[in-house]
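Structure data (compact mmCIF, C-alpha atoms) from my_file_2.txt:
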# COMPACT_ATOMS: atom_id res chain seq x y z
CA GLN D 1 192.32 -128.33 -113.56
CA GLN D 2 195.91 -129.42 -113.18
CA GLN D 3 196.79 -127.19 -110.24
CA VAL D 4 197.62 -128.25 -106.73
CA LYS D 5 197.23 -125.38 -104.26
CA GLN D 6 199.35 -125.57 -101.11
CA SER D 7 199.16 -123.49 -97.95
CA PRO D 8 200.62 -121.92 -95.94
CA GLN D 9 203.69 -120.66 -97.75
CA SER D 10 205.65 -120.65 -94.50
CA LEU D 11 205.06 -121.96 -91.02
CA ILE D 12 206.77 -121.47 -87.67
CA VAL D 13 206.06 -123.97 -84.92
CA GLN D 14 207.43 -124.45 -81.43
CA LYS D 15 209.25 -127.67 -80.63
CA GLY D 16 206.72 -130.29 -79.62
CA GLY D 17 203.87 -128.60 -81.47
CA ILE D 18 201.80 -129.82 -84.39
CA SER D 19 202.60 -128.64 -87.91
CA ILE D 20 199.77 -128.74 -90.44
CA ILE D 21 200.14 -128.15 -94.17
CA ASN D 22 197.18 -128.24 -96.53
CA CYS D 23 196.76 -128.98 -100.22
CA ALA D 24 193.81 -128.86 -102.58
CA TYR D 25 193.49 -130.33 -106.04
CA GLU D 26 190.96 -130.08 -108.84
CA ASN D 27 191.41 -133.09 -111.10
CA THR D 28 189.50 -136.03 -109.64
CA ALA D 29 191.50 -138.41 -111.83
CA PHE D 30 194.59 -138.03 -109.63
CA ASP D 31 195.25 -141.34 -107.88
CA TYR D 32 198.40 -140.85 -105.83
CA PHE D 33 199.17 -138.09 -103.34
CA PRO D 34 202.74 -137.97 -101.99
CA TRP D 35 204.45 -135.50 -99.70
CA TYR D 36 208.11 -134.68 -100.25
CA GLN D 37 210.56 -133.18 -97.77
CA GLN D 38 213.45 -131.06 -98.97
CA PHE D 39 216.45 -129.84 -96.98
CA PRO D 40 218.61 -126.94 -98.24
CA GLY D 41 220.97 -128.02 -100.99
CA LYS D 42 219.29 -131.40 -101.40
CA GLY D 43 216.69 -132.86 -103.66
CA PRO D 44 213.16 -133.60 -102.45
CA ALA D 45 212.74 -136.98 -100.76
CA LEU D 46 209.53 -138.94 -100.39
CA LEU D 47 208.14 -138.60 -96.89
CA ILE D 48 204.74 -140.28 -96.98
CA ALA D 49 202.07 -140.93 -99.60
CA ILE D 50 198.42 -141.92 -99.81
CA ARG D 51 195.98 -143.23 -102.39
CA PRO D 52 192.39 -141.97 -102.51
CA ASP D 53 190.84 -145.21 -101.26
CA VAL D 54 191.93 -144.43 -97.68
CA SER D 55 191.19 -141.38 -95.55
CA GLU D 56 194.28 -141.41 -93.36
CA LYS D 57 197.79 -142.82 -93.32
CA LYS D 58 200.22 -142.58 -90.44
CA GLU D 59 203.94 -143.22 -90.38
CA GLY D 60 205.58 -142.35 -87.09
CA ARG D 61 204.99 -138.67 -86.36
CA PHE D 62 203.73 -137.98 -89.88
CA THR D 63 200.08 -138.36 -90.88
CA ILE D 64 198.28 -137.67 -94.14
CA SER D 65 194.57 -136.89 -93.91
CA PHE D 66 192.66 -137.22 -97.17
CA ASN D 67 189.20 -135.83 -97.93
CA LYS D 68 188.12 -137.10 -101.32
CA SER D 69 184.81 -135.23 -101.44
CA ALA D 70 186.48 -131.91 -100.64
CA LYS D 71 189.47 -132.72 -102.89
CA GLN D 72 191.84 -131.80 -100.09
CA PHE D 73 194.65 -133.51 -98.26
CA SER D 74 196.91 -132.42 -95.47
CA LEU D 75 200.15 -133.33 -93.73
CA HIS D 76 200.26 -133.35 -89.93
CA ILE D 77 203.61 -133.49 -88.15
CA MET D 78 203.11 -134.38 -84.50
CA ASP D 79 205.66 -133.46 -81.83
CA SER D 80 207.52 -131.27 -84.35
CA GLN D 81 211.31 -131.21 -83.91
CA PRO D 82 213.97 -128.73 -85.07
CA GLY D 83 215.22 -131.47 -87.42
CA ASP D 84 211.87 -131.28 -89.23
CA SER D 85 212.74 -127.76 -90.41
CA ALA D 86 212.62 -128.09 -94.18
CA THR D 87 210.47 -127.30 -97.19
CA TYR D 88 207.53 -129.61 -97.76
CA PHE D 89 205.86 -130.21 -101.13
CA CYS D 90 202.58 -131.94 -101.72
CA ALA D 91 201.92 -133.50 -105.09
CA ALA D 92 199.16 -135.18 -107.02
CA SER D 93 199.84 -137.80 -109.62
CA LEU D 94 198.11 -139.63 -112.41
CA VAL D 95 200.31 -142.50 -113.63
CA TYR D 96 203.70 -140.84 -114.15
CA LYS D 97 202.61 -137.22 -114.32
CA TYR D 98 203.12 -135.33 -111.08
CA ILE D 99 201.77 -131.88 -110.25
CA PHE D 100 203.54 -130.28 -107.30
CA GLY D 101 202.32 -127.67 -104.87
CA THR D 102 204.37 -124.52 -104.41
CA GLY D 103 205.94 -125.65 -101.14
CA THR D 104 205.77 -124.78 -97.44
CA ARG D 105 208.86 -123.69 -95.58
CA LEU D 106 208.61 -125.07 -92.05
CA LYS D 107 210.74 -123.80 -89.20
CA VAL D 108 210.56 -125.54 -85.84
CA LEU D 109 211.90 -123.44 -82.99
CA ALA D 110 213.96 -125.18 -80.31
CA ASN B 1 224.06 -147.41 -104.78
CA ALA B 2 224.48 -143.74 -105.61
CA GLY B 3 220.81 -143.31 -106.60
CA VAL B 4 220.38 -140.29 -108.87
CA THR B 5 223.51 -138.29 -109.62
CA GLN B 6 223.49 -134.90 -111.29
CA THR B 7 226.47 -133.10 -112.77
CA PRO B 8 227.52 -130.37 -112.51
CA LYS B 9 226.31 -129.06 -109.13
CA PHE B 10 226.75 -125.40 -110.05
CA ARG B 11 227.18 -123.54 -113.32
CA VAL B 12 227.25 -119.93 -114.45
CA LEU B 13 226.52 -119.18 -118.10
CA LYS B 14 226.42 -116.04 -120.15
CA THR B 15 223.33 -115.33 -122.22
CA GLY B 16 223.47 -117.27 -125.48
CA GLN B 17 225.88 -119.96 -124.27
CA SER B 18 224.95 -123.61 -124.36
CA MET B 19 225.41 -126.43 -121.90
CA THR B 20 224.31 -129.95 -121.06
CA LEU B 21 223.22 -131.22 -117.66
CA LEU B 22 223.79 -134.90 -117.02
CA CYS B 23 221.61 -137.15 -114.90
CA ALA B 24 222.62 -140.72 -114.13
CA GLN B 25 220.68 -143.31 -112.13
CA ASP B 26 221.85 -146.74 -111.03
CA MET B 27 218.48 -148.14 -109.95
CA ASN B 28 217.44 -149.55 -113.35
CA HIS B 29 214.49 -147.17 -113.43
CA GLU B 30 212.45 -146.85 -116.60
CA TYR B 31 211.12 -143.35 -116.07
CA MET B 32 213.26 -140.22 -115.83
CA TYR B 33 212.29 -136.59 -115.46
CA TRP B 34 213.76 -133.09 -115.50
CA TYR B 35 212.20 -130.46 -113.25
CA ARG B 36 213.06 -126.86 -112.55
CA GLN B 37 212.50 -125.32 -109.14
CA ASP B 38 211.90 -121.61 -108.77
CA PRO B 39 210.93 -119.70 -105.60
CA GLY B 40 207.20 -119.75 -105.01
CA MET B 41 206.54 -121.97 -108.01
CA GLY B 42 207.30 -125.43 -106.77
CA LEU B 43 208.64 -128.01 -109.18
CA ARG B 44 207.70 -127.76 -112.82
CA LEU B 45 208.24 -130.58 -115.30
CA ILE B 46 210.42 -129.72 -118.28
CA HIS B 47 210.75 -133.03 -120.13
CA TYR B 48 210.42 -136.67 -119.24
CA SER B 49 211.18 -140.13 -120.59
CA VAL B 50 209.25 -143.36 -120.14
CA GLY B 51 212.08 -145.55 -121.38
CA GLU B 52 215.35 -145.69 -123.29
CA GLY B 53 215.11 -143.81 -126.56
CA THR B 54 211.90 -141.98 -125.64
CA THR B 55 211.34 -138.37 -124.62
CA ALA B 56 208.28 -136.17 -124.17
CA LYS B 57 207.50 -132.57 -123.33
CA GLY B 58 206.37 -131.53 -119.90
CA GLU B 59 204.85 -128.33 -118.61
CA VAL B 60 207.69 -125.91 -119.48
CA PRO B 61 209.73 -127.41 -122.37
CA ASP B 62 210.60 -124.27 -124.36
CA GLY B 63 214.33 -123.58 -124.63
CA TYR B 64 215.33 -127.09 -123.55
CA ASN B 65 216.09 -130.35 -125.31
CA VAL B 66 216.66 -133.82 -123.88
CA SER B 67 218.04 -137.18 -124.90
CA ARG B 68 217.83 -140.68 -123.38
CA LEU B 69 220.27 -142.75 -125.41
CA LYS B 70 221.00 -145.08 -122.51
CA LYS B 71 218.52 -146.25 -119.89
CA GLN B 72 220.60 -144.94 -117.02
CA ASN B 73 221.26 -141.45 -118.42
CA PHE B 74 219.01 -138.50 -119.15
CA LEU B 75 220.58 -135.36 -120.59
CA LEU B 76 219.10 -131.87 -120.50
CA GLY B 77 220.44 -129.35 -123.00
CA LEU B 78 220.18 -125.59 -123.19
CA GLU B 79 221.09 -124.47 -126.71
CA SER B 80 221.04 -120.71 -126.09
CA ALA B 81 220.77 -119.85 -122.42
CA ALA B 82 218.55 -116.98 -121.28
CA PRO B 83 218.37 -115.26 -117.87
CA SER B 84 214.85 -116.72 -117.46
CA GLN B 85 216.52 -120.14 -117.29
CA THR B 86 218.27 -119.24 -114.05
CA SER B 87 216.94 -121.90 -111.73
CA VAL B 88 217.70 -125.05 -109.79
CA TYR B 89 217.30 -128.12 -111.97
CA PHE B 90 216.37 -131.50 -110.53
CA CYS B 91 216.47 -134.84 -112.20
CA ALA B 92 214.26 -137.63 -110.90
CA SER B 93 213.64 -141.25 -111.76
CA SER B 94 211.05 -143.88 -110.95
CA TYR B 95 210.79 -147.63 -111.49
CA SER B 96 207.36 -147.37 -113.06
CA GLY B 97 204.68 -144.79 -113.66
CA GLU B 98 203.15 -145.59 -110.27
CA SER B 99 206.35 -145.69 -108.25
CA PRO B 100 207.73 -142.86 -106.09
CA LEU B 101 210.12 -140.35 -107.59
CA HIS B 102 213.78 -140.41 -106.55
CA PHE B 103 215.48 -137.04 -106.93
CA GLY B 104 219.07 -136.00 -107.41
CA ASN B 105 220.56 -133.12 -105.43
CA GLY B 106 220.11 -130.56 -108.15
CA THR B 107 222.14 -128.27 -110.39
CA ARG B 108 222.07 -124.57 -109.61
CA LEU B 109 222.31 -122.67 -112.90
CA THR B 110 222.77 -118.93 -113.18
CA VAL B 111 222.51 -117.19 -116.54
CA THR B 112 223.87 -113.67 -116.63
Now, as a test, write the supplied structure out as structure tokens.
Amino acid sequence: QQQVKQSPQSLIVQKGGISIINCAYENTAFDYFPWYQQFPGKGPALLIAIRPDVSEKKEGRFTISFNKSAKQFSLHIMDSQPGDSATYFCAASLVYKYIFGTGTRLKVLA
Amino acid sequence: NAGVTQTPKFRVLKTGQSMTLLCAQDMNHEYMYWYRQDPGMGLRLIHYSVGEGTTAKGEVPDGYNVSRLKKQNFLLGLESAAPSQTSVYFCASSYSGESPLHFGNGTRLTVT
């Protein structure tokens, strides 16, 4: 019940395309759903986050879509750029306990 | 502000050796965490602290110990390193239990 399942494991997108990463959770008590971006040799950094009382949140080219009934949420990267090439982790949190997905390695081709 | 600083950045140990990883944060955060990152397994919580002088076990605590004697520091110890502890270790901190995590840049540990 504590798992967060993330897919795909890796993703290759052309420059200007849309990158979509999906996550599913089981515990309905989770109340905070962040996405982290990690570049090689660096720690993960918060990209965007959502709480379950909204269905969508947009920040620039990055959008989280949240489906509470399906217990799924996804990250959409519009107009993907080579600089977006990184590993992306979704997470689900209840107070201070975070459960992370296994990560998606995104490569955006120039 | 340096944020979250981890030392050392790299370390190679022989099986059975011990070492301590240091995490320091200058953001006056209450909560601090140690995670390990392994390929295909995401980030798994080893131990965490909700304030100075407190520690608690996470998802994968076996073989590790921690201490939080000062609010700004969180130490992770390996008493007798094993090859299964080869990993990248990340420290993180947060202002409160509902605040975002701030990560350091990791320590890459190899146990031979």
Practice prompt. Residues of chain B near chain D: apply a cut-off of 10 Å, count all atoms listed in the file, and supply the list as number ranges by chain.
Written response: B: 4, 9, 31-33, 37-45, 48-50, 58-59, 88-92, 94, 96-108
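One finds CA of Lys57 in chain D at 27.5 Å from CA of Tyr35 in chain B.
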Worksheet item: Which one is closest to His47 in chain B: B:Ala82, B:Glu30, B:Gly77, B:Gln17? Count only C-alpha atoms.
Response: B:Gly77
Worksheet item: Counting only C-alpha atoms, what is within 7 Å of Gly3 in chain B, bar same-chain residues fewer than 5 positions away, as a PyMOL selection string?
Response: chain B and resi 25-27
Practice prompt. Using CA of Phe62 in chain D and CA of Ile77 in chain D as the two end points, give the distance in Å to one decimal.
Written response: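 Distance between the two atoms: 4.8 Å.
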Fill in: Option closest in space to Pro52 in chain D, from D:Leu11, D:Met78, D:Ala92, D:Ala110 [counting all atoms listed in the file]
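Closest to Pro52 in chain D, using all atoms listed in the file: D:Ala92.
Take CA of Thr7 in chain B and CA of Glu52 in chain B: the distance between them is 19.8 Å.
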